[in-house]
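Written below as structure tokens is the structure these notes are about.
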Amino acid sequence: ADMEGYTRITSSLTLEDAAQLTKSFLACLTQPVLELGGTLDKYSGDGLVAFWGAPLPCPEQADRAVSAALAILRAVDSFNHDRIKRNFLPVRVRIGIESGHALVGDLGTPFRSTYTAVGDCINFASRLESTARDLPTQLVIGATANAKLKSHSTYSLGIILLRGTETKIEVFSVRESL
């Protein structure tokens, strides 16, 4: 998940105001992930990377990720309602979800390591998130994650070429996110 247009939004703010916006926005993203049993991998500036299925197995990981995404969308809507009341422009979140195998564990160097996940599904989710800027939705779900969903009704957004790859995949969104 990531804030759309973060650099543009924060370029006119003081450092203190940019920090407060970032902290408040990340709180909107983080709480639903943790409440639904996700592992917070990392913050990346104005966004986060999270995963399900490690360190504990989670057979319903796709459903939990989508449920967290929907809760994030609601949290950002509430956050925006408050921003508008204070005469600030609303912000937009983009979310990408994909399932697959990943290497999870302490990775890094002898000097510094972190518990993280790496793999094609992680890269695809990031690319799906950025694809949302060109689609009529804030939540983009890859075909593998979509096939695992049991609790959410989805619709096809069409077939896209993943940026930076030669991979074409069908992508989906959730009816509840509209």
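Residue numbers start at 1 in each chain; chains themselves are named A, B, ... in the order of the structure tokens; ligands are numbered from 1 in the order shown.
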> So which residues touch region 47-49 of chain A within 10 Å, counting only C-alpha atoms, skipping near sequence neighbours fewer than 5 positions away, as number ranges by chain?
Replying inline: A: 1-4, 6, 22, 25-26, 29-30, 33, 39-42, 93-96, 116-117, 122, 125-126
Atoms kept (N, CA and C atoms) for selection, written as an mmCIF file, in the first residue's frame:
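Heads up, here's the output in selection39.cif:
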```
data_model
loop_
_atom_site.group_PDB
_atom_site.id
_atom_site.type_symbol
_atom_site.label_atom_id
_atom_site.label_comp_id
_atom_site.auth_asym_id
_atom_site.auth_seq_id
_atom_site.Cartn_x
_atom_site.Cartn_y
_atom_site.Cartn_z
ATOM 1 N N ALA A 1 0.858 -1.185 0.000
ATOM 2 C CA ALA A 1 0.000 0.000 0.000
ATOM 3 C C ALA A 1 0.889 1.227 0.000
ATOM 4 N N ASP A 2 0.424 2.279 -0.650
ATOM 5 C CA ASP A 2 1.235 3.472 -0.825
ATOM 6 C C ASP A 2 0.315 4.682 -1.030
ATOM 7 N N MET A 3 0.791 5.864 -0.614
ATOM 8 C CA MET A 3 0.022 7.085 -0.855
ATOM 9 C C MET A 3 0.340 7.599 -2.262
ATOM 10 N N GLU A 4 -0.693 7.878 -3.016
ATOM 11 C CA GLU A 4 -0.500 8.422 -4.353
ATOM 12 C C GLU A 4 -0.106 9.897 -4.258
ATOM 13 N N TYR A 6 2.618 11.366 -3.035
ATOM 14 C CA TYR A 6 3.194 11.784 -1.751
ATOM 15 C C TYR A 6 4.158 12.963 -1.911
ATOM 16 N N THR A 22 2.623 11.723 7.383
ATOM 17 C CA THR A 22 3.156 10.380 7.150
ATOM 18 C C THR A 22 2.792 9.446 8.296
ATOM 19 N N PHE A 25 -1.008 8.730 8.271
ATOM 20 C CA PHE A 25 -1.367 7.877 7.140
ATOM 21 C C PHE A 25 -0.901 6.445 7.382
ATOM 22 N N LEU A 26 0.330 6.275 7.852
ATOM 23 C CA LEU A 26 0.836 4.921 8.110
ATOM 24 C C LEU A 26 0.021 4.215 9.193
ATOM 25 N N LEU A 29 -2.815 2.537 7.575
ATOM 26 C CA LEU A 29 -2.416 1.332 6.848
ATOM 27 C C LEU A 29 -2.073 0.183 7.784
ATOM 28 N N THR A 30 -1.452 0.493 8.886
ATOM 29 C CA THR A 30 -0.882 -0.542 9.762
ATOM 30 C C THR A 30 -1.923 -1.262 10.606
ATOM 31 N N VAL A 33 -3.793 -4.246 9.069
ATOM 32 C CA VAL A 33 -2.880 -5.373 8.803
ATOM 33 C C VAL A 33 -2.654 -6.171 10.079
ATOM 34 N N THR A 39 1.824 -9.739 8.875
ATOM 35 C CA THR A 39 3.161 -9.394 9.340
ATOM 36 C C THR A 39 3.568 -8.106 8.636
ATOM 37 N N LEU A 40 3.876 -7.091 9.416
ATOM 38 C CA LEU A 40 4.354 -5.841 8.855
ATOM 39 C C LEU A 40 5.810 -6.052 8.472
ATOM 40 N N ASP A 41 6.090 -6.040 7.185
ATOM 41 C CA ASP A 41 7.454 -6.246 6.697
ATOM 42 C C ASP A 41 8.259 -4.968 6.888
ATOM 43 N N LYS A 42 7.784 -3.884 6.289
ATOM 44 C CA LYS A 42 8.537 -2.636 6.377
ATOM 45 C C LYS A 42 7.662 -1.457 5.974
ATOM 46 N N VAL A 93 -4.963 6.284 -1.347
ATOM 47 C CA VAL A 93 -4.114 5.119 -1.131
ATOM 48 C C VAL A 93 -4.270 4.179 -2.323
ATOM 49 N N ARG A 94 -3.173 3.512 -2.684
ATOM 50 C CA ARG A 94 -3.217 2.461 -3.703
ATOM 51 C C ARG A 94 -2.720 1.182 -3.039
ATOM 52 N N ILE A 95 -3.398 0.063 -3.354
ATOM 53 C CA ILE A 95 -3.058 -1.210 -2.720
ATOM 54 C C ILE A 95 -2.948 -2.284 -3.797
ATOM 55 N N GLY A 96 -1.877 -3.068 -3.724
ATOM 56 C CA GLY A 96 -1.691 -4.217 -4.611
ATOM 57 C C GLY A 96 -1.581 -5.484 -3.782
ATOM 58 N N THR A 116 12.121 -10.286 6.643
ATOM 59 C CA THR A 116 11.463 -9.765 5.448
ATOM 60 C C THR A 116 11.065 -10.904 4.528
ATOM 61 N N ALA A 117 10.377 -10.562 3.468
ATOM 62 C CA ALA A 117 9.955 -11.532 2.452
ATOM 63 C C ALA A 117 10.423 -11.043 1.092
ATOM 64 N N ILE A 122 5.918 -10.782 -4.162
ATOM 65 C CA ILE A 122 6.132 -9.498 -3.488
ATOM 66 C C ILE A 122 6.340 -8.411 -4.541
ATOM 67 N N ALA A 125 3.031 -7.680 -6.336
ATOM 68 C CA ALA A 125 2.115 -6.865 -5.522
ATOM 69 C C ALA A 125 2.497 -5.392 -5.602
ATOM 70 N N SER A 126 3.794 -5.118 -5.562
ATOM 71 C CA SER A 126 4.255 -3.737 -5.680
ATOM 72 C C SER A 126 3.886 -3.147 -7.037
#
```
> Skipping near chain neighbours, those fewer than 6 positions away, what residues fall within 9 Å of Arg127 (chain A) using only C-alpha atoms, listed as a PyMOL selection string?
Replying inline: chain A and resi 96+162-164
Suppose we keep N, CA and C atoms; can you now write the selection as a PDB file, in the first residue's frame?
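This went into result-v3.pdb:
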```pdb
ATOM      1  N   GLY A  96      -1.877  -3.068  -3.724  1.00  0.00           N
ATOM      2  CA  GLY A  96      -1.691  -4.217  -4.611  1.00  0.00           C
ATOM      3  C   GLY A  96      -1.581  -5.484  -3.782  1.00  0.00           C
ATOM      4  N   LEU A 162       2.593  -6.102 -16.609  1.00  0.00           N
ATOM      5  CA  LEU A 162       3.220  -5.609 -15.396  1.00  0.00           C
ATOM      6  C   LEU A 162       4.420  -4.751 -15.754  1.00  0.00           C
ATOM      7  N   ARG A 163       4.443  -3.546 -15.240  1.00  0.00           N
ATOM      8  CA  ARG A 163       5.525  -2.597 -15.492  1.00  0.00           C
ATOM      9  C   ARG A 163       6.874  -3.247 -15.161  1.00  0.00           C
ATOM     10  N   GLY A 164       7.824  -3.079 -16.064  1.00  0.00           N
ATOM     11  CA  GLY A 164       9.161  -3.598 -15.837  1.00  0.00           C
ATOM     12  C   GLY A 164       9.329  -5.077 -16.131  1.00  0.00           C
TER      13      GLY A 164
END
```
> Mind checking DSSP for region 27-174 of chain A and telling me the alpha helix (DSSP H) residues as JSON, numbers by chain?
Replying inline: {"A": [27, 28, 29, 30, 31, 32, 33, 34, 35, 61, 62, 63, 64, 65, 66, 67, 68, 69, 70, 71, 72, 73, 74, 75, 76, 77, 78, 79, 80, 81, 82, 83, 84, 85, 120, 121, 122, 123, 124, 125, 126, 127, 128, 129, 130, 131, 143, 144, 145, 146, 147, 148]}
>> Which residue is closest to Asp46 (chain A)? Choose from A:Asn146, A:Leu21, A:Pro110, A:Thr167 and count only C-alpha atoms.
In response: A:Leu21
> For Ala147 (chain A), which residue among A:Gly100, A:Ser113, A:Thr165, A:Lys23 is the nearest when counting only C-alpha atoms?
Replying inline: A:Gly100
> Hey, what's within 6 Å of Glu170 (chain A) if we count only C-alpha atoms and toss same-chain stuff fewer than 5 positions away? As a list in words, please?
Replying inline: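 Close residues of Glu170 (chain A): Ala143, Gly158 and Ile159 of chain A.
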Could you take the residues named above and write them with N, CA and C atoms, as a PDB file, in the first residue's frame?
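The resulting file, again-v9.pdb, is shown below:
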```
ATOM      1  N   ALA A 143      -4.068 -12.342 -10.218  1.00  0.00           N
ATOM      2  CA  ALA A 143      -4.845 -13.537 -10.551  1.00  0.00           C
ATOM      3  C   ALA A 143      -4.656 -14.661  -9.538  1.00  0.00           C
ATOM      4  N   GLY A 158      -9.382  -6.482 -16.316  1.00  0.00           N
ATOM      5  CA  GLY A 158      -8.758  -6.724 -17.610  1.00  0.00           C
ATOM      6  C   GLY A 158      -7.368  -7.316 -17.468  1.00  0.00           C
ATOM      7  N   ILE A 159      -6.697  -7.427 -18.586  1.00  0.00           N
ATOM      8  CA  ILE A 159      -5.341  -7.977 -18.615  1.00  0.00           C
ATOM      9  C   ILE A 159      -4.369  -6.817 -18.766  1.00  0.00           C
TER      10      ILE A 159
END
```
> Excluding same-chain residues fewer than 5 positions from Asn80 (chain A), what lies within 9 Å of it counting only C-alpha atoms, as number ranges by chain?
Replying inline: A: 75, 85, 88-92
>> I'd like the contact shell of Gln61 (chain A) - 10 Å cut-off, only C-alpha atoms, skipping same-chain residues fewer than 5 positions apart - returned as a ChimeraX atom specification.
In response: /A:36-38,51-54,66-67,99,145,148-149
Could you please take those selected residues and save all heavy atoms as a short mmCIF file (atom, residue, chain, number, x, y, z; two decimals), in the first residue's frame?
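Writing the result to result_24.cif gives the following:
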```cif
data_model
loop_
_atom_site.label_atom_id
_atom_site.label_comp_id
_atom_site.auth_asym_id
_atom_site.auth_seq_id
_atom_site.Cartn_x
_atom_site.Cartn_y
_atom_site.Cartn_z
N LEU A 36 -5.70 -8.12 11.41
CA LEU A 36 -6.05 -9.30 10.62
C LEU A 36 -4.90 -10.30 10.51
O LEU A 36 -4.88 -11.15 9.64
CB LEU A 36 -6.56 -8.88 9.24
CG LEU A 36 -7.99 -8.35 9.34
CD1 LEU A 36 -8.29 -7.33 8.28
CD2 LEU A 36 -8.98 -9.49 9.31
N GLY A 37 -3.95 -10.21 11.44
CA GLY A 37 -2.90 -11.21 11.56
C GLY A 37 -1.79 -11.12 10.53
O GLY A 37 -1.04 -12.08 10.35
N GLY A 38 -1.65 -9.97 9.88
CA GLY A 38 -0.57 -9.80 8.91
C GLY A 38 0.75 -9.51 9.60
O GLY A 38 0.79 -9.09 10.75
N PHE A 51 2.70 -9.04 4.77
CA PHE A 51 2.40 -10.36 4.21
C PHE A 51 1.73 -11.23 5.26
O PHE A 51 1.77 -10.95 6.45
CB PHE A 51 3.66 -11.03 3.64
CG PHE A 51 4.81 -11.16 4.61
CD1 PHE A 51 4.90 -12.26 5.47
CD2 PHE A 51 5.81 -10.20 4.65
CE1 PHE A 51 5.96 -12.38 6.34
CE2 PHE A 51 6.88 -10.33 5.52
CZ PHE A 51 6.95 -11.42 6.37
N TRP A 52 1.09 -12.26 4.78
CA TRP A 52 0.43 -13.26 5.61
C TRP A 52 1.06 -14.61 5.30
O TRP A 52 1.57 -14.82 4.20
CB TRP A 52 -1.07 -13.30 5.31
CG TRP A 52 -1.84 -12.20 5.96
CD1 TRP A 52 -2.63 -12.31 7.08
CD2 TRP A 52 -1.94 -10.84 5.55
NE1 TRP A 52 -3.18 -11.08 7.39
CE2 TRP A 52 -2.77 -10.16 6.47
CE3 TRP A 52 -1.38 -10.10 4.51
CZ2 TRP A 52 -3.08 -8.81 6.38
CZ3 TRP A 52 -1.67 -8.75 4.41
CH2 TRP A 52 -2.51 -8.12 5.34
N GLY A 53 1.01 -15.52 6.25
CA GLY A 53 1.50 -16.87 6.02
C GLY A 53 2.87 -17.14 6.61
O GLY A 53 3.36 -18.26 6.51
N ALA A 54 3.48 -16.15 7.23
CA ALA A 54 4.75 -16.35 7.92
C ALA A 54 4.84 -15.27 8.99
O ALA A 54 4.40 -14.14 8.78
CB ALA A 54 5.91 -16.24 6.94
N VAL A 66 -7.21 -9.06 1.61
CA VAL A 66 -8.27 -8.24 1.02
C VAL A 66 -9.10 -7.58 2.12
O VAL A 66 -9.45 -6.40 2.02
CB VAL A 66 -9.14 -9.06 0.05
CG1 VAL A 66 -10.38 -8.29 -0.36
CG2 VAL A 66 -8.32 -9.46 -1.17
N SER A 67 -9.41 -8.32 3.19
CA SER A 67 -10.15 -7.72 4.31
C SER A 67 -9.36 -6.55 4.91
O SER A 67 -9.94 -5.50 5.23
CB SER A 67 -10.44 -8.76 5.38
OG SER A 67 -11.35 -9.73 4.90
N SER A 99 -0.58 -13.35 -4.34
CA SER A 99 -0.20 -14.53 -3.56
C SER A 99 0.88 -15.30 -4.30
O SER A 99 0.96 -15.24 -5.53
CB SER A 99 -1.41 -15.45 -3.35
OG SER A 99 -2.35 -14.85 -2.52
N ALA A 145 -3.86 -14.48 -6.25
CA ALA A 145 -4.59 -14.15 -5.02
C ALA A 145 -6.09 -14.24 -5.25
O ALA A 145 -6.83 -14.76 -4.42
CB ALA A 145 -4.21 -12.76 -4.53
N LYS A 148 -7.63 -17.60 -4.90
CA LYS A 148 -7.67 -18.14 -3.54
C LYS A 148 -8.79 -17.53 -2.68
O LYS A 148 -9.04 -18.00 -1.58
CB LYS A 148 -6.33 -17.89 -2.84
CG LYS A 148 -5.17 -18.64 -3.47
CD LYS A 148 -3.87 -18.28 -2.76
CE LYS A 148 -2.70 -19.03 -3.35
NZ LYS A 148 -2.66 -20.43 -2.99
N LEU A 149 -9.44 -16.49 -3.18
CA LEU A 149 -10.46 -15.80 -2.38
C LEU A 149 -11.70 -16.66 -2.21
O LEU A 149 -12.22 -17.22 -3.17
CB LEU A 149 -10.82 -14.46 -3.02
CG LEU A 149 -9.73 -13.41 -3.01
CD1 LEU A 149 -10.17 -12.18 -3.80
CD2 LEU A 149 -9.35 -13.01 -1.59
#
```
> At what distance in Å, to one decimal, does CA of Lys150 (chain A) lie from CA of Gly119 (chain A)?
Replying inline: 24.0 Å
